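Coordinates as given in input.cif (mmCIF, C-alpha atoms and all ligand atoms):
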data_coords
#
loop_
_atom_site.label_atom_id
_atom_site.label_comp_id
_atom_site.auth_asym_id
_atom_site.auth_seq_id
_atom_site.Cartn_x
_atom_site.Cartn_y
_atom_site.Cartn_z
CA MET A 1 105.94 76.47 95.02
CA ASP A 2 103.57 74.37 92.93
CA GLN A 3 103.51 71.56 95.48
CA LEU A 4 102.89 74.02 98.26
CA LEU A 5 99.92 75.70 96.71
CA ILE A 6 96.95 73.43 96.65
CA SER A 7 94.00 75.16 95.03
CA TYR A 8 91.70 77.22 97.23
CA GLU A 9 88.92 74.73 96.46
CA GLU A 10 91.07 71.81 97.63
CA ALA A 11 92.27 73.72 100.67
CA GLN A 12 88.66 74.49 101.63
CA LYS A 13 87.92 70.75 101.58
CA LYS A 14 91.02 69.87 103.61
CA ALA A 15 90.59 72.60 106.20
CA PRO A 16 88.79 71.81 109.48
CA MET A 17 85.20 73.06 109.54
CA GLU A 18 85.42 74.42 113.09
CA GLU A 19 86.83 77.84 113.95
CA PRO A 20 89.44 78.89 114.96
CA ALA A 21 91.12 75.62 113.76
CA ARG A 22 90.12 76.42 110.18
CA GLN A 23 91.82 79.82 110.19
CA LEU A 24 94.91 78.43 111.91
CA PHE A 25 95.11 75.90 109.05
CA PHE A 26 94.96 78.70 106.45
CA MET A 27 97.52 80.79 108.36
CA GLU A 28 99.94 77.88 108.14
CA ARG A 29 99.25 77.36 104.39
CA CYS A 30 99.73 81.10 103.71
CA ARG A 31 102.92 81.10 105.73
CA GLU A 32 104.43 78.27 103.66
CA LEU A 33 103.39 79.96 100.48
CA LEU A 34 104.83 83.32 101.43
CA GLU A 35 108.15 81.67 102.28
CA ALA A 36 108.20 80.21 98.76
CA LEU A 37 107.22 83.54 97.23
CA LYS A 38 110.01 85.35 99.08
CA GLU A 39 112.46 82.90 97.56
CA ALA A 40 110.96 83.30 94.08
CA TRP A 41 111.08 87.11 94.36
CA GLY A 42 114.57 87.13 95.93
CA ARG A 43 113.24 88.93 98.98
CA LYS A 44 114.09 88.63 102.68
CA SER A 45 110.69 89.84 103.84
CA VAL A 46 107.19 90.68 102.68
CA THR A 47 105.42 93.65 104.20
CA PHE A 48 101.90 94.88 104.98
CA HIS A 49 100.36 98.21 105.82
CA ILE A 50 96.92 98.82 107.35
CA GLU A 51 95.22 102.20 107.24
CA THR A 52 92.37 102.49 109.73
CA PHE A 53 89.51 104.97 109.35
CA GLY A 54 86.78 105.63 111.92
CA CYS A 55 86.04 104.52 115.45
CA GLN A 56 87.46 102.45 118.33
CA MET A 57 85.76 99.31 116.99
CA ASN A 58 87.67 99.64 113.71
CA ALA A 59 90.90 100.33 115.61
CA ARG A 60 90.40 97.12 117.59
CA ASP A 61 89.50 95.18 114.42
CA SER A 62 92.75 96.41 112.85
CA GLU A 63 94.74 95.03 115.79
CA LYS A 64 93.19 91.63 115.04
CA LEU A 65 94.00 91.96 111.33
CA VAL A 66 97.61 92.86 112.20
CA GLY A 67 97.80 89.77 114.44
CA ILE A 68 96.68 87.51 111.58
CA LEU A 69 98.99 89.09 108.97
CA GLU A 70 101.99 88.79 111.28
CA GLN A 71 101.12 85.17 111.95
CA ILE A 72 101.04 84.58 108.18
CA GLY A 73 104.55 86.01 107.91
CA TYR A 74 104.10 89.62 106.78
CA GLN A 75 106.03 92.39 108.53
CA GLU A 76 104.44 95.73 109.28
CA ALA A 77 105.58 98.68 107.14
CA ASP A 78 105.07 102.39 107.84
CA SER A 79 104.09 103.33 104.33
CA GLU A 80 101.70 102.13 101.65
CA GLU A 81 104.62 100.92 99.57
CA ALA A 82 104.01 97.45 100.96
CA ASP A 83 103.22 94.03 99.50
CA PHE A 84 99.79 93.92 101.13
CA VAL A 85 97.87 97.14 101.71
CA LEU A 86 94.57 97.03 103.59
CA TYR A 87 92.14 99.88 104.20
CA ASN A 88 89.80 99.30 107.14
CA THR A 89 87.06 101.74 106.14
CA CYS A 90 84.37 103.75 107.92
CA THR A 91 81.08 104.76 106.41
CA VAL A 92 80.01 107.39 108.93
CA ARG A 93 82.19 110.22 107.70
CA GLU A 94 81.79 111.18 104.06
CA ASN A 95 85.24 112.67 104.01
CA ALA A 96 86.78 109.32 105.00
CA ASN A 97 84.89 107.63 102.12
CA LEU A 98 86.22 110.12 99.61
CA ARG A 99 89.74 109.69 100.94
CA VAL A 100 89.50 105.93 100.36
CA TYR A 101 88.56 106.38 96.68
CA GLY A 102 91.30 109.00 96.20
CA ARG A 103 93.95 106.80 97.73
CA LEU A 104 92.86 103.77 95.74
CA GLY A 105 93.73 105.72 92.61
CA GLN A 106 97.24 106.36 93.95
CA LEU A 107 97.64 102.72 94.98
CA GLY A 108 96.70 101.66 91.43
CA ALA A 109 99.67 103.64 90.10
CA CYS A 110 101.92 102.08 92.75
CA LYS A 111 100.74 98.59 91.80
CA LYS A 112 101.71 99.12 88.17
CA LYS A 113 105.33 99.53 89.31
CA HIS A 114 105.08 96.76 91.89
CA PRO A 115 102.81 94.05 90.37
CA GLU A 116 103.08 91.58 93.26
CA MET A 117 101.31 94.10 95.51
CA MET A 118 97.86 93.13 96.84
CA ILE A 119 95.20 95.68 97.76
CA ALA A 120 92.39 94.81 100.18
CA LEU A 121 89.41 96.69 101.60
CA CYS A 122 87.29 95.87 104.64
CA GLY A 123 85.15 97.63 107.26
CA CYS A 124 81.75 99.30 107.31
CA MET A 125 81.93 100.88 103.84
CA MET A 126 82.20 97.41 102.31
CA GLN A 127 78.84 96.40 103.81
CA GLU A 128 77.18 98.74 101.31
CA LYS A 129 76.34 97.07 98.01
CA GLU A 130 76.69 100.29 95.97
CA VAL A 131 80.24 100.74 97.26
CA VAL A 132 81.24 97.19 96.31
CA ASP A 133 79.62 97.62 92.87
CA LYS A 134 81.53 100.85 92.32
CA ILE A 135 84.85 99.25 93.27
CA LYS A 136 84.17 96.21 91.07
CA LYS A 137 83.51 98.51 88.15
CA SER A 138 86.05 101.28 88.56
CA TYR A 139 88.87 100.03 90.81
CA ARG A 140 90.02 96.77 89.28
CA GLN A 141 93.37 97.10 91.06
CA VAL A 142 91.65 95.87 94.25
CA ASP A 143 92.28 92.18 95.02
CA LEU A 144 90.12 91.57 98.06
CA ILE A 145 86.94 92.95 99.65
CA PHE A 146 85.46 91.67 102.90
CA GLY A 147 83.09 93.13 105.47
CA THR A 148 82.74 93.64 109.21
CA HIS A 149 81.39 90.17 110.05
CA ASN A 150 84.22 87.98 108.79
CA ILE A 151 87.47 89.74 109.64
CA PHE A 152 88.48 86.52 111.42
CA LYS A 153 88.61 84.91 107.95
CA LEU A 154 91.48 87.05 106.65
CA ALA A 155 94.00 84.18 106.30
CA GLU A 156 91.57 82.13 104.23
CA LEU A 157 90.82 85.09 101.99
CA VAL A 158 94.51 85.94 101.53
CA TYR A 159 95.04 82.34 100.44
CA ALA A 160 92.30 82.71 97.81
CA CYS A 161 93.98 85.91 96.54
CA LEU A 162 97.40 84.30 96.35
CA GLU A 163 95.94 81.51 94.25
CA GLU A 164 94.44 84.04 91.84
CA ARG A 165 97.83 85.75 91.71
CA LYS A 166 99.64 82.50 90.94
CA ARG A 167 97.23 81.57 88.12
CA GLU A 168 97.64 85.03 86.64
CA ALA A 169 101.47 84.72 86.71
CA GLU A 170 101.31 81.26 85.11
CA ALA A 171 99.08 82.54 82.31
CA ARG A 172 101.49 85.43 81.72
CA GLU A 173 104.49 83.07 81.53
CA GLY A 174 102.67 80.80 79.08
CA GLU A 175 101.44 83.84 77.19
CA GLY A 176 97.93 82.65 77.88
CA ARG A 177 95.08 84.83 79.11
CA PHE A 178 93.75 84.86 82.63
CA LYS A 179 91.36 87.39 84.04
CA ARG A 180 92.10 87.79 87.74
CA HIS A 181 88.96 87.77 89.90
CA MET A 182 88.53 90.14 92.75
CA VAL A 183 87.90 88.02 95.87
CA ILE A 184 84.73 89.36 97.50
CA ASP A 185 83.28 87.97 100.73
CA VAL A 186 80.81 90.29 102.44
CA TRP A 187 78.27 88.81 104.87
CA GLU A 188 74.97 90.49 105.63
CA ASP A 189 74.92 89.36 109.25
CA THR A 190 76.23 86.67 111.56
CA SER A 191 75.74 85.27 115.01
CA GLN A 192 79.28 83.84 114.95
CA ILE A 193 81.99 85.08 117.33
CA VAL A 194 85.39 83.49 116.72
CA GLU A 195 87.71 83.45 119.74
CA ASP A 196 91.42 82.74 120.19
CA LEU A 197 92.89 84.15 117.00
CA PRO A 198 96.17 86.07 117.12
CA VAL A 199 95.92 89.78 117.87
CA GLU A 200 98.64 92.44 117.99
CA ARG A 201 98.27 95.35 120.45
CA LYS A 202 99.19 98.86 119.52
CA TYR A 203 100.21 99.83 123.09
CA PRO A 204 102.02 97.63 125.63
CA PHE A 205 100.18 99.01 128.69
CA LYS A 206 96.58 99.33 127.50
CA SER A 207 94.18 97.45 125.29
CA GLY A 208 90.64 97.49 123.98
CA VAL A 209 88.56 94.37 124.65
CA ASN A 210 85.42 93.72 122.62
CA ILE A 211 82.60 92.56 124.87
CA MET A 212 79.86 92.63 122.25
CA PHE A 213 79.24 93.33 118.59
CA GLY A 214 76.43 95.02 116.69
CA CYS A 215 73.45 96.99 117.95
CA ASN A 216 69.65 96.57 118.11
CA ASN A 217 68.69 100.19 118.60
CA PHE A 218 68.14 101.58 115.10
CA CYS A 219 68.65 105.25 115.94
CA SER A 220 67.30 106.97 112.86
CA TYR A 221 70.63 108.55 111.82
CA CYS A 222 72.87 105.55 112.41
CA ILE A 223 74.04 102.82 110.08
CA VAL A 224 75.64 100.54 112.70
CA PRO A 225 72.81 97.95 112.98
CA TYR A 226 72.94 97.57 109.19
CA VAL A 227 76.72 97.33 108.78
CA ARG A 228 77.69 95.61 112.05
CA GLY A 229 74.58 93.50 112.52
CA ARG A 230 72.39 92.77 115.52
CA GLU A 231 73.63 92.69 119.06
CA ARG A 232 75.64 89.65 120.17
CA SER A 233 77.65 89.38 123.37
CA ARG A 234 80.83 87.43 123.99
CA LYS A 235 80.67 84.89 126.80
CA PRO A 236 81.92 86.37 130.09
CA GLU A 237 84.43 83.52 130.57
CA GLU A 238 86.03 84.36 127.18
CA ILE A 239 86.23 88.08 128.05
CA LEU A 240 87.72 87.40 131.48
CA LYS A 241 90.22 84.91 130.03
CA GLU A 242 91.37 87.54 127.51
CA ILE A 243 91.75 90.20 130.22
CA ARG A 244 93.71 87.84 132.49
CA THR A 245 96.06 87.09 129.59
CA LEU A 246 96.47 90.81 128.91
CA ALA A 247 97.19 91.49 132.59
CA ALA A 248 99.81 88.72 132.61
CA ASP A 249 101.38 90.46 129.61
CA GLY A 250 101.72 93.78 131.45
CA VAL A 251 98.49 95.53 130.45
CA VAL A 252 97.18 97.72 133.27
CA GLU A 253 94.35 99.58 131.53
CA ILE A 254 91.51 98.10 129.52
CA MET A 255 88.69 99.65 127.54
CA LEU A 256 85.62 97.41 127.25
CA LEU A 257 84.16 98.02 123.81
CA GLY A 258 80.66 97.71 122.38
CA GLN A 259 78.23 99.93 120.50
CA ASN A 260 75.97 99.87 123.55
CA VAL A 261 77.80 98.22 126.44
CA ASN A 262 74.87 98.75 128.82
CA SER A 263 72.90 96.16 126.96
CA TYR A 264 75.68 93.55 127.32
CA GLY A 265 74.67 89.97 128.10
CA LYS A 266 70.99 90.03 127.16
CA ASN A 267 71.39 87.39 124.44
CA LEU A 268 73.63 85.01 126.40
CA ASP A 269 72.33 81.55 127.34
CA THR A 270 72.81 82.62 130.95
CA PRO A 271 72.13 86.36 130.81
CA MET A 272 74.52 88.65 132.68
CA THR A 273 74.33 92.40 133.15
CA PHE A 274 77.11 94.79 132.16
CA ALA A 275 77.42 95.80 135.82
CA GLY A 276 77.85 92.10 136.72
CA LEU A 277 80.61 91.77 134.13
CA LEU A 278 82.38 94.86 135.50
CA LYS A 279 82.38 93.37 138.99
CA GLU A 280 84.16 90.28 137.64
CA VAL A 281 86.68 92.35 135.65
CA GLU A 282 87.43 94.40 138.78
CA LYS A 283 88.65 91.23 140.54
CA ILE A 284 91.41 90.59 138.00
CA GLU A 285 94.82 91.22 139.51
CA GLY A 286 97.14 93.53 137.61
CA ILE A 287 94.36 95.57 135.97
CA ARG A 288 94.41 99.05 137.51
CA ARG A 289 92.10 101.07 135.26
CA ILE A 290 88.86 100.04 133.59
CA ARG A 291 87.11 102.15 130.98
CA PHE A 292 84.18 101.39 128.71
CA MET A 293 82.34 102.82 125.76
CA THR A 294 79.72 103.51 124.50
CA SER A 295 76.79 103.85 126.91
CA HIS A 296 73.21 104.45 125.81
CA PRO A 297 71.33 106.65 128.31
CA LYS A 298 68.16 104.54 128.06
CA ASP A 299 70.02 101.38 129.18
CA LEU A 300 72.29 102.81 131.87
CA SER A 301 71.07 100.99 134.98
CA PRO A 302 71.06 101.99 138.68
CA GLU A 303 73.13 98.81 139.25
CA LEU A 304 75.87 100.19 136.95
CA ILE A 305 75.91 103.52 138.82
CA ASP A 306 76.32 101.61 142.12
CA VAL A 307 79.15 99.49 140.71
CA MET A 308 80.94 102.60 139.40
CA ALA A 309 80.48 104.39 142.72
CA GLY A 310 81.96 101.47 144.69
CA SER A 311 84.85 100.71 142.33
CA LYS A 312 88.51 101.61 142.81
CA LYS A 313 89.41 100.67 139.25
CA ILE A 314 86.63 102.04 137.03
CA CYS A 315 87.74 105.45 135.74
CA ARG A 316 85.50 108.42 136.49
CA HIS A 317 84.69 108.91 132.89
CA LEU A 318 81.48 108.15 131.08
CA HIS A 319 80.86 108.40 127.37
CA LEU A 320 77.13 109.09 127.39
CA PRO A 321 75.96 110.64 124.12
CA LEU A 322 73.01 112.99 124.58
CA GLN A 323 72.70 113.57 120.81
CA SER A 324 70.16 116.40 121.13
CA GLY A 325 68.82 118.79 123.78
CA SER A 326 65.32 118.66 122.25
CA THR A 327 62.91 115.92 123.24
CA GLY A 328 61.16 116.25 119.87
CA ILE A 329 64.40 115.69 118.00
CA LEU A 330 65.33 112.82 120.32
CA ARG A 331 61.99 111.21 119.43
CA ALA A 332 62.71 111.69 115.73
CA MET A 333 66.13 110.11 116.34
CA ASN A 334 64.42 107.08 117.96
CA ARG A 335 66.53 107.51 121.09
CA HIS A 336 63.86 106.45 123.64
CA TYR A 337 64.60 109.09 126.30
CA THR A 338 63.63 112.70 126.82
CA LYS A 339 65.82 115.68 127.60
CA GLU A 340 64.44 115.65 131.17
CA GLN A 341 65.21 111.94 131.64
CA PHE A 342 68.79 112.49 130.45
CA LEU A 343 69.31 115.40 132.85
CA GLU A 344 67.85 113.44 135.72
CA LEU A 345 70.17 110.51 134.90
CA ALA A 346 73.19 112.84 134.74
CA GLU A 347 72.29 114.25 138.18
CA ARG A 348 71.97 110.75 139.65
CA ILE A 349 75.36 109.78 138.26
CA LYS A 350 77.00 112.96 139.53
CA ALA A 351 75.50 112.49 142.99
CA ALA A 352 76.56 108.84 143.27
CA VAL A 353 79.95 108.85 141.59
CA ALA A 354 82.26 111.28 143.33
CA GLY A 355 85.25 112.69 141.51
CA ASN A 356 85.88 114.17 138.19
CA LEU A 357 83.13 112.52 136.17
CA SER A 358 82.51 113.83 132.71
CA HIS A 359 79.77 112.95 130.31
CA HIS A 360 79.97 113.77 126.66
CA ARG A 361 77.19 115.63 124.96
CA HIS A 362 77.05 115.19 121.23
CA TYR A 363 74.74 117.66 119.63
CA CYS A 364 73.63 117.10 116.11
CA ARG A 365 70.86 118.50 114.02
CA LEU A 366 68.18 116.59 112.19
CA SER A 367 66.89 118.45 109.20
CA GLY A 368 63.12 118.47 108.90
CA ARG A 369 60.16 120.72 108.32
CA ASP A 370 60.66 122.48 111.66
CA GLY A 371 64.45 122.84 111.12
CA GLY A 372 66.32 124.85 113.71
CA ARG A 373 65.79 122.57 116.72
CA PHE A 374 68.86 120.87 118.14
S1 LIG B 401 72.77 103.02 119.93
FE1 LIG B 401 74.59 103.89 118.94
S2 LIG B 401 75.30 102.27 117.55
FE2 LIG B 401 73.22 101.71 118.13
S3 LIG B 401 71.93 102.57 116.48
FE3 LIG B 401 72.02 104.14 118.13
S4 LIG B 401 73.76 105.47 117.61
FE4 LIG B 401 73.94 103.60 116.35
#
Spell out the structure here as structure tokens.
Ligand code: SF4
Amino acid sequence: MDQLLISYEEAQKKAPMEEPARQLFFMERCRELLEALKEAWGRKSVTFHIETFGCQMNARDSEKLVGILEQIGYQEADSEEADFVLYNTCTVRENANLRVYGRLGQLGACKKKHPEMMIALCGCMMQEKEVVDKIKKSYRQVDLIFGTHNIFKLAELVYACLEERKREAEAREGEGRFKRHMVIDVWEDTSQIVEDLPVERKYPFKSGVNIMFGCNNFCSYCIVPYVRGRERSRKPEEILKEIRTLAADGVVEIMLLGQNVNSYGKNLDTPMTFAGLLKEVEKIEGIRRIRFMTSHPKDLSPELIDVMAGSKKICRHLHLPLQSGSTGILRAMNRHYTKEQFLELAERIKAAVAGNLSHHRHYCRLSGRDGGRF
């Protein structure tokens, strides 16, 4: 095992600088190392378990994390009694946050019985400095923390953790002292989009496809622009290549994902509208149903309504959050549309797109001096 494990520092120097080649290099190194560990532990397999909290974006991120862990050589387990346990966290719901802390306590007890276990945390909660500080101080059983911007780097980070683990074991054998460091890699923002890494789908017939990441809108109640960064769109050729591959693999339904899909393509070298992208996706053979979320009412264009109306594949379903029925509250929320503009938009969509179209209305209340308006 010694010859197999070059130090993380050495591996960083040897690894290609370009992505995804760099991560493929680390996947291979981790794979070799896990094989050696299985032998050392007398095990036939090593397992992982991912618990996902929150939205569709997190669910899709978890599919990518599963793809990387399987490539490394871990096998998925149903329960948290696994060798590698990862919580992909959400910061929007307080209850989900509390559940993470509660479960970390239980995992700590599990790790005492099963010392080779590794515990990792990622997702939106980890973008908050106070959360990371709290975990560093009170949850020393955690091995790895990373954020929303570098999930593609999982193999490299696992390698760093395994090295820490090995040095700790060596110190124990030699009765020396070694204080294991928690590996922490949280980025504030990035413009990087890494393509072509392994991904494992949850369902054989349908799949989410990220078309963009982040958001520029800064609605007053929302943390997304802070924890997922500013808007960046994937190149259309990469999106279409992914969908063609999915179709060839038997996928018939896709969900195009972004925090605000209607603003897709604005930051591309050759800008493209979301409606333009949909027209290209529609041409892909084998895809029978196209869905997308989420739409911001201020950015939903007449071109998109026309494309929906003329499409045989786009489902008659629109996730269009109203957020409040009060123009004053909408202004306080920084939503950039009025109640009247929303209603007028909804009428235009209903008139143009025949069928069973539904739009979601999410009502929430902003507390303020004039409380009581929704
Ligand atoms: S548009 Fe959506 S994701 Fe972006 S800031 Fe507003 S609520 Fe958050």
Residues up to 10 Å from ligand LIG 401 (chain B), counting all atoms listed in the file: could you list those as a PyMOL selection string? chain A and resi 213-226+228+230-231+258-261+263+294-299+321+323+333-335
Just give me the gap between atom CA of Gly250 of chain A and atom CA of Leu69 of chain A in Å, one decimal is fine.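 One can read the atom CA of Gly250 of chain A to atom CA of Leu69 of chain A distance as 23.1 Å.
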Got a sec: who's within 8 Å of Lys179 of chain A, counting only C-alpha atoms, leaving out chain neighbours fewer than 2 positions off, as an NGL selection string? :A and (168 or 177 or 181)
Atoms to include: C-alpha atoms. Write the selected residues as a PDB file, in the frame of the given file.
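File produced: out-v1.pdb:
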ATOM      1  CA  GLU A 168      97.640  85.030  86.640  1.00  0.00           C
ATOM      2  CA  ARG A 177      95.080  84.830  79.110  1.00  0.00           C
ATOM      3  CA  HIS A 181      88.960  87.770  89.900  1.00  0.00           C
TER       4      HIS A 181
END
In Å to one decimal, how far is atom CA of Glu242 of chain A from atom CA of Thr270 of chain A?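 Between these atoms lies a distance of 19.5 Å.
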With a distance cut-off of 12 Å and all atoms listed in the file, select the neighbouring residues of segment 276-286 of chain A, excluding the residue or stretch itself and same-chain residues fewer than 3 positions from it, and output the selection as a count of residues only. 56
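Proximity of A:Pro16, A:Met293, A:Ile184, A:Tyr87 to Ser62 of chain A, computed with all atoms listed in the file, is greatest for A:Tyr87.
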Local residues around (75.5, 87.8, 115.9), at most 6 Å away, using all atoms listed in the file, as a PyMOL selection string: chain A and resi 190-192+230+232
For each of A:Ser326, A:Gln12, A:Asn95, A:Gln23, take the minimum atom-to-atom distance to Phe152 of chain A, counting all atoms listed in the file, then give the residue where this is smallest.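 Nearest to Phe152 of chain A: A:Gln23.
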Quick one: distance from atom CA of Ala120 of chain A to atom CA of Leu24 of chain A in Å, one decimal?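 A separation of 20.3 Å between them.
Neighbourhood of point (92.4, 93.3, 104.2): residues with an atom at most 7 Å away, counting only C-alpha atoms, are Leu86, Tyr87, Ala120, Leu121, Cys122, Leu144 and Leu154 of chain A.
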Could you dump the residues just selected with C-alpha atoms as a compact mmCIF listing (two decimals), in the frame of the given file?
# COMPACT_ATOMS: atom_id res chain seq x y z
CA LEU A 86 94.57 97.03 103.59
CA TYR A 87 92.14 99.88 104.20
CA ALA A 120 92.39 94.81 100.18
CA LEU A 121 89.41 96.69 101.60
CA CYS A 122 87.29 95.87 104.64
CA LEU A 144 90.12 91.57 98.06
CA LEU A 154 91.48 87.05 106.65
Repair of segment 15-40 of chain A at the level of N, CA and C atoms, as a PDB file, in the frame of the given file:
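Below is the file that was written, rebuild.pdb:
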ATOM      1  N   ALA A  15      90.564  71.811 104.958  1.00  0.00           N
ATOM      2  CA  ALA A  15      90.590  72.600 106.200  1.00  0.00           C
ATOM      3  C   ALA A  15      89.526  72.113 107.178  1.00  0.00           C
ATOM      4  N   PRO A  16      89.826  72.170 108.494  1.00  0.00           N
ATOM      5  CA  PRO A  16      88.790  71.810 109.480  1.00  0.00           C
ATOM      6  C   PRO A  16      87.580  72.736 109.329  1.00  0.00           C
ATOM      7  N   MET A  17      86.410  72.243 109.662  1.00  0.00           N
ATOM      8  CA  MET A  17      85.200  73.060 109.540  1.00  0.00           C
ATOM      9  C   MET A  17      85.071  74.034 110.725  1.00  0.00           C
ATOM     10  N   GLU A  18      85.588  73.615 111.873  1.00  0.00           N
ATOM     11  CA  GLU A  18      85.420  74.420 113.090  1.00  0.00           C
ATOM     12  C   GLU A  18      86.396  75.587 113.118  1.00  0.00           C
ATOM     13  N   GLU A  19      85.940  76.708 113.678  1.00  0.00           N
ATOM     14  CA  GLU A  19      86.830  77.840 113.950  1.00  0.00           C
ATOM     15  C   GLU A  19      87.260  77.783 115.420  1.00  0.00           C
ATOM     16  N   PRO A  20      88.458  78.215 115.797  1.00  0.00           N
ATOM     17  CA  PRO A  20      89.440  78.890 114.960  1.00  0.00           C
ATOM     18  C   PRO A  20      90.379  77.929 114.203  1.00  0.00           C
ATOM     19  N   ALA A  21      90.175  76.572 114.378  1.00  0.00           N
ATOM     20  CA  ALA A  21      91.120  75.620 113.760  1.00  0.00           C
ATOM     21  C   ALA A  21      91.234  75.864 112.253  1.00  0.00           C
ATOM     22  N   ARG A  22      90.105  76.205 111.634  1.00  0.00           N
ATOM     23  CA  ARG A  22      90.120  76.420 110.180  1.00  0.00           C
ATOM     24  C   ARG A  22      91.065  77.574 109.806  1.00  0.00           C
ATOM     25  N   GLN A  23      90.972  78.672 110.534  1.00  0.00           N
ATOM     26  CA  GLN A  23      91.820  79.820 110.190  1.00  0.00           C
ATOM     27  C   GLN A  23      93.283  79.565 110.531  1.00  0.00           C
ATOM     28  N   LEU A  24      93.516  78.774 111.582  1.00  0.00           N
ATOM     29  CA  LEU A  24      94.910  78.430 111.910  1.00  0.00           C
ATOM     30  C   LEU A  24      95.501  77.582 110.793  1.00  0.00           C
ATOM     31  N   PHE A  25      94.681  76.708 110.204  1.00  0.00           N
ATOM     32  CA  PHE A  25      95.110  75.900 109.050  1.00  0.00           C
ATOM     33  C   PHE A  25      95.510  76.818 107.885  1.00  0.00           C
ATOM     34  N   PHE A  26      94.653  77.801 107.586  1.00  0.00           N
ATOM     35  CA  PHE A  26      94.960  78.700 106.450  1.00  0.00           C
ATOM     36  C   PHE A  26      96.164  79.606 106.756  1.00  0.00           C
ATOM     37  N   MET A  27      96.337  79.963 108.013  1.00  0.00           N
ATOM     38  CA  MET A  27      97.520  80.790 108.360  1.00  0.00           C
ATOM     39  C   MET A  27      98.784  79.997 108.046  1.00  0.00           C
ATOM     40  N   GLU A  28      98.772  78.723 108.393  1.00  0.00           N
ATOM     41  CA  GLU A  28      99.940  77.880 108.140  1.00  0.00           C
ATOM     42  C   GLU A  28     100.184  77.730 106.640  1.00  0.00           C
ATOM     43  N   ARG A  29      99.101  77.510 105.862  1.00  0.00           N
ATOM     44  CA  ARG A  29      99.250  77.360 104.390  1.00  0.00           C
ATOM     45  C   ARG A  29      99.800  78.672 103.799  1.00  0.00           C
ATOM     46  N   CYS A  30      99.267  79.798 104.238  1.00  0.00           N
ATOM     47  CA  CYS A  30      99.730  81.100 103.710  1.00  0.00           C
ATOM     48  C   CYS A  30     101.198  81.308 104.062  1.00  0.00           C
ATOM     49  N   ARG A  31     101.545  80.907 105.258  1.00  0.00           N
ATOM     50  CA  ARG A  31     102.920  81.100 105.730  1.00  0.00           C
ATOM     51  C   ARG A  31     103.900  80.348 104.832  1.00  0.00           C
ATOM     52  N   GLU A  32     103.569  79.080 104.533  1.00  0.00           N
ATOM     53  CA  GLU A  32     104.430  78.270 103.660  1.00  0.00           C
ATOM     54  C   GLU A  32     104.540  78.925 102.282  1.00  0.00           C
ATOM     55  N   LEU A  33     103.413  79.379 101.815  1.00  0.00           N
ATOM     56  CA  LEU A  33     103.390  79.960 100.480  1.00  0.00           C
ATOM     57  C   LEU A  33     104.191  81.255 100.407  1.00  0.00           C
ATOM     58  N   LEU A  34     104.071  82.071 101.441  1.00  0.00           N
ATOM     59  CA  LEU A  34     104.830  83.320 101.430  1.00  0.00           C
ATOM     60  C   LEU A  34     106.334  83.065 101.491  1.00  0.00           C
ATOM     61  N   GLU A  35     106.725  82.027 102.237  1.00  0.00           N
ATOM     62  CA  GLU A  35     108.150  81.670 102.280  1.00  0.00           C
ATOM     63  C   GLU A  35     108.636  81.362 100.860  1.00  0.00           C
ATOM     64  N   ALA A  36     107.821  80.577 100.129  1.00  0.00           N
ATOM     65  CA  ALA A  36     108.200  80.210  98.760  1.00  0.00           C
ATOM     66  C   ALA A  36     108.218  81.437  97.847  1.00  0.00           C
ATOM     67  N   LEU A  37     107.265  82.327  98.057  1.00  0.00           N
ATOM     68  CA  LEU A  37     107.220  83.540  97.230  1.00  0.00           C
ATOM     69  C   LEU A  37     108.436  84.424  97.479  1.00  0.00           C
ATOM     70  N   LYS A  38     108.828  84.528  98.750  1.00  0.00           N
ATOM     71  CA  LYS A  38     110.010  85.350  99.080  1.00  0.00           C
ATOM     72  C   LYS A  38     111.221  84.832  98.309  1.00  0.00           C
ATOM     73  N   GLU A  39     111.335  83.504  98.277  1.00  0.00           N
ATOM     74  CA  GLU A  39     112.460  82.900  97.560  1.00  0.00           C
ATOM     75  C   GLU A  39     112.357  83.233  96.062  1.00  0.00           C
ATOM     76  N   ALA A  40     111.152  83.051  95.523  1.00  0.00           N
ATOM     77  CA  ALA A  40     110.960  83.300  94.080  1.00  0.00           C
ATOM     78  C   ALA A  40     111.231  84.772  93.734  1.00  0.00           C
TER      79      ALA A  40
END
